[in-house]
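Here's the structure, in structure tokens; my notes come after.
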Amino acid sequence: MPPFGTNVHVDMTSWLPANTAQAQAVNTDKDYELAYLYAEYKGGQDQSWVNYVSSVMQTAVQQSLQAADVTTESFVGTVKYFDMSVIPDPLVKGDLDVSTCFDNAGSSNTDRTSGKVIPDTSAPDSHYVRIADELRKDSAGQWQVVSSLPAIYYPQAAQCKP
């Protein structure tokens with residue numbers, strides 16, 4: 001778990017599949033998700049997520065972490081990951097798709113300079129989302145995130161709203 005401040009709680013599911021290869025991929029994805037979340041928390045400044053993504057994926061992640069809402073904001077509160085699953089990728093033999101529900105309804109964005117909470121003007125259901133990553137083994141046999149699949153929001157991702 002990255003060193004989030006005491007005002008942040010991350011609840012990451014402990015679920016792992018019984019299959020060893022799938023469990024390794026799921027653990028890599030969990031580590032990536034936590035590292036990416038920590039980079040957002042640190043205003044895009046932390047680079048630990050690089051350890052979990054392919055070189056092609058690095059550019060896309062770096063660009064997303066340079067967005068104004070990342071570089072000028074952080075967050076406090078509780079973020080949850082639950083209802084995780086893994087399936088073989090339907091298009092690329094050997095790849096795995098790891099998906100999970102992400103719930104940040106218990107958190108608030110803050111201004112990185114002042115630390116003050118920013119009023120939430122987003123739709124309430126936008127806090128409940130199904131995210132998925134495609135993972136592939138690299139030449140050394142280690143799982144890497146090679147793609148993030150399009151997010152699915154509640155109510156389409158009905159299982160993601162408690």
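Each chain of the structure tokens is named A, B, ... in the order shown, its residues numbered from 1; ligands are numbered from 1 in display order.
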Requested in this report: Write out as a list in words which residues come within 12 Å of Val92 (chain A) when counting only C-alpha atoms, dropping same-chain ones fewer than 3 positions away.
Outcome: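 The residues satisfying every condition are Ile87, Pro88, Asp89, Asp95, Leu96, Asp97, Glu134, Leu135, Arg136, Lys137, Val146 and Ser147 of chain A.
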Requested in this report: Could you please write out, as a ChimeraX atom specification, every residue of region 5-64 of chain A that DSSP assigns to strand (DSSP E or B)?
Outcome: /A:8-12,53
Requested in this report: Write out as a list in words the residues lying within 6 Å of region 1-8 of chain A, counting only C-alpha atoms and excluding same-chain residues fewer than 5 positions away.
Outcome: Val76, Gly77 and Thr78 of chain A
Please dump the current selection as a compact mmCIF listing (two decimals), in the first residue's frame; keep all heavy atoms.
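File written: out_0.txt
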```txt
# COMPACT_ATOMS: atom_id res chain seq x y z
N VAL A 76 -9.23 13.42 -0.03
CA VAL A 76 -9.30 12.88 1.33
C VAL A 76 -10.50 11.94 1.37
O VAL A 76 -11.37 11.99 0.51
CB VAL A 76 -9.45 13.99 2.40
CG1 VAL A 76 -8.22 14.89 2.42
CG2 VAL A 76 -10.71 14.81 2.17
N GLY A 77 -10.54 11.08 2.38
CA GLY A 77 -11.69 10.20 2.55
C GLY A 77 -11.38 8.76 2.17
O GLY A 77 -10.23 8.33 2.17
N THR A 78 -12.44 8.04 1.81
CA THR A 78 -12.35 6.61 1.54
C THR A 78 -12.63 6.28 0.09
O THR A 78 -13.60 6.76 -0.48
CB THR A 78 -13.34 5.84 2.44
OG1 THR A 78 -13.01 6.10 3.81
CG2 THR A 78 -13.28 4.34 2.19
```
Name all residues at most 10 Å from Met57 (chain A) (count only C-alpha atoms; drop same-chain ones fewer than 2 positions away) and give them as an mmCIF file with N, CA and C atoms, in the first residue's frame.
```
data_model
loop_
_atom_site.group_PDB
_atom_site.id
_atom_site.type_symbol
_atom_site.label_atom_id
_atom_site.label_comp_id
_atom_site.auth_asym_id
_atom_site.auth_seq_id
_atom_site.Cartn_x
_atom_site.Cartn_y
_atom_site.Cartn_z
ATOM 1 N N VAL A 50 4.884 3.217 -13.051
ATOM 2 C CA VAL A 50 5.686 2.828 -14.217
ATOM 3 C C VAL A 50 6.096 1.359 -14.124
ATOM 4 N N TYR A 52 4.459 -1.155 -13.427
ATOM 5 C CA TYR A 52 3.382 -2.105 -13.703
ATOM 6 C C TYR A 52 2.795 -1.995 -15.105
ATOM 7 N N VAL A 53 3.334 -1.110 -15.930
ATOM 8 C CA VAL A 53 2.752 -0.902 -17.257
ATOM 9 C C VAL A 53 3.786 -1.126 -18.352
ATOM 10 N N SER A 54 3.278 -1.459 -19.541
ATOM 11 C CA SER A 54 4.148 -1.608 -20.702
ATOM 12 C C SER A 54 4.651 -0.236 -21.135
ATOM 13 N N SER A 55 5.696 -0.222 -21.948
ATOM 14 C CA SER A 55 6.248 1.058 -22.421
ATOM 15 C C SER A 55 5.215 1.829 -23.235
ATOM 16 N N THR A 59 2.991 6.229 -21.905
ATOM 17 C CA THR A 59 2.649 7.533 -22.485
ATOM 18 C C THR A 59 1.220 7.931 -22.141
ATOM 19 N N ALA A 60 0.290 6.998 -22.282
ATOM 20 C CA ALA A 60 -1.118 7.301 -21.987
ATOM 21 C C ALA A 60 -1.315 7.628 -20.513
ATOM 22 N N VAL A 61 -0.670 6.878 -19.639
ATOM 23 C CA VAL A 61 -0.817 7.129 -18.198
ATOM 24 C C VAL A 61 -0.192 8.475 -17.846
ATOM 25 N N GLN A 62 0.991 8.747 -18.366
ATOM 26 C CA GLN A 62 1.651 10.024 -18.086
ATOM 27 C C GLN A 62 0.779 11.197 -18.523
ATOM 28 N N GLN A 144 2.143 -7.205 -17.079
ATOM 29 C CA GLN A 144 2.124 -5.753 -17.226
ATOM 30 C C GLN A 144 0.753 -5.322 -17.718
ATOM 31 N N VAL A 145 0.331 -4.126 -17.303
ATOM 32 C CA VAL A 145 -0.884 -3.533 -17.850
ATOM 33 C C VAL A 145 -0.523 -2.978 -19.224
ATOM 34 N N VAL A 146 -1.255 -3.429 -20.242
ATOM 35 C CA VAL A 146 -0.991 -2.968 -21.609
ATOM 36 C C VAL A 146 -2.093 -2.051 -22.126
ATOM 37 N N SER A 147 -3.239 -2.048 -21.430
ATOM 38 C CA SER A 147 -4.347 -1.213 -21.864
ATOM 39 C C SER A 147 -5.356 -1.067 -20.734
ATOM 40 N N SER A 148 -5.947 0.103 -20.639
ATOM 41 C CA SER A 148 -7.094 0.313 -19.750
ATOM 42 C C SER A 148 -8.325 0.364 -20.638
#
```
Requested in this report: Using backbone DSSP assignments, extract all helix (DSSP H, G or I) residues from region 40-70 of chain A; output them as a list in words.
Outcome: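 Here is the list: Glu40, Tyr41, Ser48, Trp49, Val50, Asn51, Tyr52, Ser55, Val56, Met57, Gln58, Thr59, Ala60, Val61, Gln62, Gln63, Ser64, Ala68, Asp69 and Val70 of chain A.
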Once you have the residues from the selection above, write them out as a PDB file, in the first residue's frame, restricted to C-alpha atoms.
```
ATOM      1  CA  GLU A  40      -3.319  11.140  -8.469  1.00  0.00           C
ATOM      2  CA  TYR A  41      -3.152  11.810  -4.711  1.00  0.00           C
ATOM      3  CA  SER A  48       5.739   4.136  -9.054  1.00  0.00           C
ATOM      4  CA  TRP A  49       2.983   3.107 -11.503  1.00  0.00           C
ATOM      5  CA  VAL A  50       5.686   2.828 -14.217  1.00  0.00           C
ATOM      6  CA  ASN A  51       6.712  -0.538 -12.710  1.00  0.00           C
ATOM      7  CA  TYR A  52       3.382  -2.105 -13.703  1.00  0.00           C
ATOM      8  CA  SER A  55       6.248   1.058 -22.421  1.00  0.00           C
ATOM      9  CA  VAL A  56       3.340   1.794 -24.783  1.00  0.00           C
ATOM     10  CA  MET A  57       0.972   2.289 -21.837  1.00  0.00           C
ATOM     11  CA  GLN A  58       3.410   4.672 -20.085  1.00  0.00           C
ATOM     12  CA  THR A  59       2.649   7.533 -22.485  1.00  0.00           C
ATOM     13  CA  ALA A  60      -1.118   7.301 -21.987  1.00  0.00           C
ATOM     14  CA  VAL A  61      -0.817   7.129 -18.198  1.00  0.00           C
ATOM     15  CA  GLN A  62       1.651  10.024 -18.086  1.00  0.00           C
ATOM     16  CA  GLN A  63      -0.735  12.154 -20.164  1.00  0.00           C
ATOM     17  CA  SER A  64      -3.681  11.372 -17.895  1.00  0.00           C
ATOM     18  CA  ALA A  68      -5.285  19.966 -14.628  1.00  0.00           C
ATOM     19  CA  ASP A  69      -7.678  18.159 -12.279  1.00  0.00           C
ATOM     20  CA  VAL A  70      -4.796  15.852 -11.285  1.00  0.00           C
TER      21      VAL A  70
END
```
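When CA of Pro124 (chain A) is paired with CA of Ser107 (chain A), their separation reads 12.2 Å.
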Requested in this report: Excluding region 9-13 of chain A and any residue of its chain fewer than 4 positions from it, enumerate the residues within 12 Å of it, using only C-alpha atoms, and give them as a PyMOL selection string.
Outcome: chain A and resi 1-5+17+26-27+29-35+37-38+41+75-85+99-104+106-108
Include C-alpha atoms and write out the residues we just selected as an mmCIF file, in the first residue's frame.
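File written: out_9.cif
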```cif
data_model
loop_
_atom_site.group_PDB
_atom_site.id
_atom_site.type_symbol
_atom_site.label_atom_id
_atom_site.label_comp_id
_atom_site.auth_asym_id
_atom_site.auth_seq_id
_atom_site.Cartn_x
_atom_site.Cartn_y
_atom_site.Cartn_z
ATOM 1 C CA MET A 1 0.000 0.000 0.000
ATOM 2 C CA PRO A 2 1.444 3.379 -0.951
ATOM 3 C CA PRO A 3 1.966 5.885 1.884
ATOM 4 C CA PHE A 4 -1.306 7.812 1.640
ATOM 5 C CA GLY A 5 -1.878 10.396 4.367
ATOM 6 C CA PRO A 17 -8.466 -16.280 -8.080
ATOM 7 C CA VAL A 26 -4.597 -9.712 -10.416
ATOM 8 C CA ASN A 27 -1.865 -8.763 -7.921
ATOM 9 C CA ASP A 29 -3.296 -4.963 -11.451
ATOM 10 C CA LYS A 30 -3.990 -4.217 -7.782
ATOM 11 C CA ASP A 31 -0.477 -2.791 -7.427
ATOM 12 C CA TYR A 32 -0.970 -0.708 -10.554
ATOM 13 C CA GLU A 33 -4.350 0.631 -9.427
ATOM 14 C CA LEU A 34 -2.920 1.613 -6.037
ATOM 15 C CA ALA A 35 0.158 3.217 -7.615
ATOM 16 C CA LEU A 37 -4.322 6.311 -7.301
ATOM 17 C CA TYR A 38 -1.301 7.412 -5.269
ATOM 18 C CA TYR A 41 -3.152 11.810 -4.711
ATOM 19 C CA PHE A 75 -8.317 13.927 -2.177
ATOM 20 C CA VAL A 76 -9.300 12.880 1.329
ATOM 21 C CA GLY A 77 -11.691 10.196 2.550
ATOM 22 C CA THR A 78 -12.346 6.612 1.545
ATOM 23 C CA VAL A 79 -11.902 4.929 -1.828
ATOM 24 C CA LYS A 80 -13.045 1.328 -2.338
ATOM 25 C CA TYR A 81 -12.132 -1.403 -4.818
ATOM 26 C CA PHE A 82 -14.428 -4.448 -4.762
ATOM 27 C CA ASP A 83 -16.120 -7.132 -6.884
ATOM 28 C CA MET A 84 -12.879 -7.893 -8.739
ATOM 29 C CA SER A 85 -12.770 -10.521 -11.464
ATOM 30 C CA SER A 99 -11.913 -5.641 -13.716
ATOM 31 C CA THR A 100 -13.103 -4.184 -10.447
ATOM 32 C CA CYS A 101 -15.661 -1.797 -9.047
ATOM 33 C CA PHE A 102 -14.271 1.569 -7.948
ATOM 34 C CA ASP A 103 -16.258 3.652 -5.467
ATOM 35 C CA ASN A 104 -15.013 7.100 -4.459
ATOM 36 C CA GLY A 106 -16.717 8.490 0.374
ATOM 37 C CA SER A 107 -13.939 10.815 -0.728
ATOM 38 C CA SER A 108 -13.665 14.508 -1.555
#
```
Might you pull out every residue within 8 Å of Asn109 (chain A), with only C-alpha atoms counted and same-chain residues fewer than 3 positions away left off, and present them as a PDB file with C-alpha atoms, in the first residue's frame?
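Just written: around03.pdb:
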```pdb
ATOM      1  CA  GLU A  73      -6.087  18.523  -6.816  1.00  0.00           C
ATOM      2  CA  SER A  74      -5.711  15.710  -4.306  1.00  0.00           C
ATOM      3  CA  PHE A  75      -8.317  13.927  -2.177  1.00  0.00           C
ATOM      4  CA  VAL A  76      -9.300  12.880   1.329  1.00  0.00           C
ATOM      5  CA  VAL A 117     -12.298  20.539  -0.016  1.00  0.00           C
ATOM      6  CA  ILE A 118     -13.583  21.366  -3.498  1.00  0.00           C
ATOM      7  CA  PRO A 119     -17.390  21.236  -3.790  1.00  0.00           C
ATOM      8  CA  ASP A 120     -18.503  18.147  -5.715  1.00  0.00           C
TER       9      ASP A 120
END
```
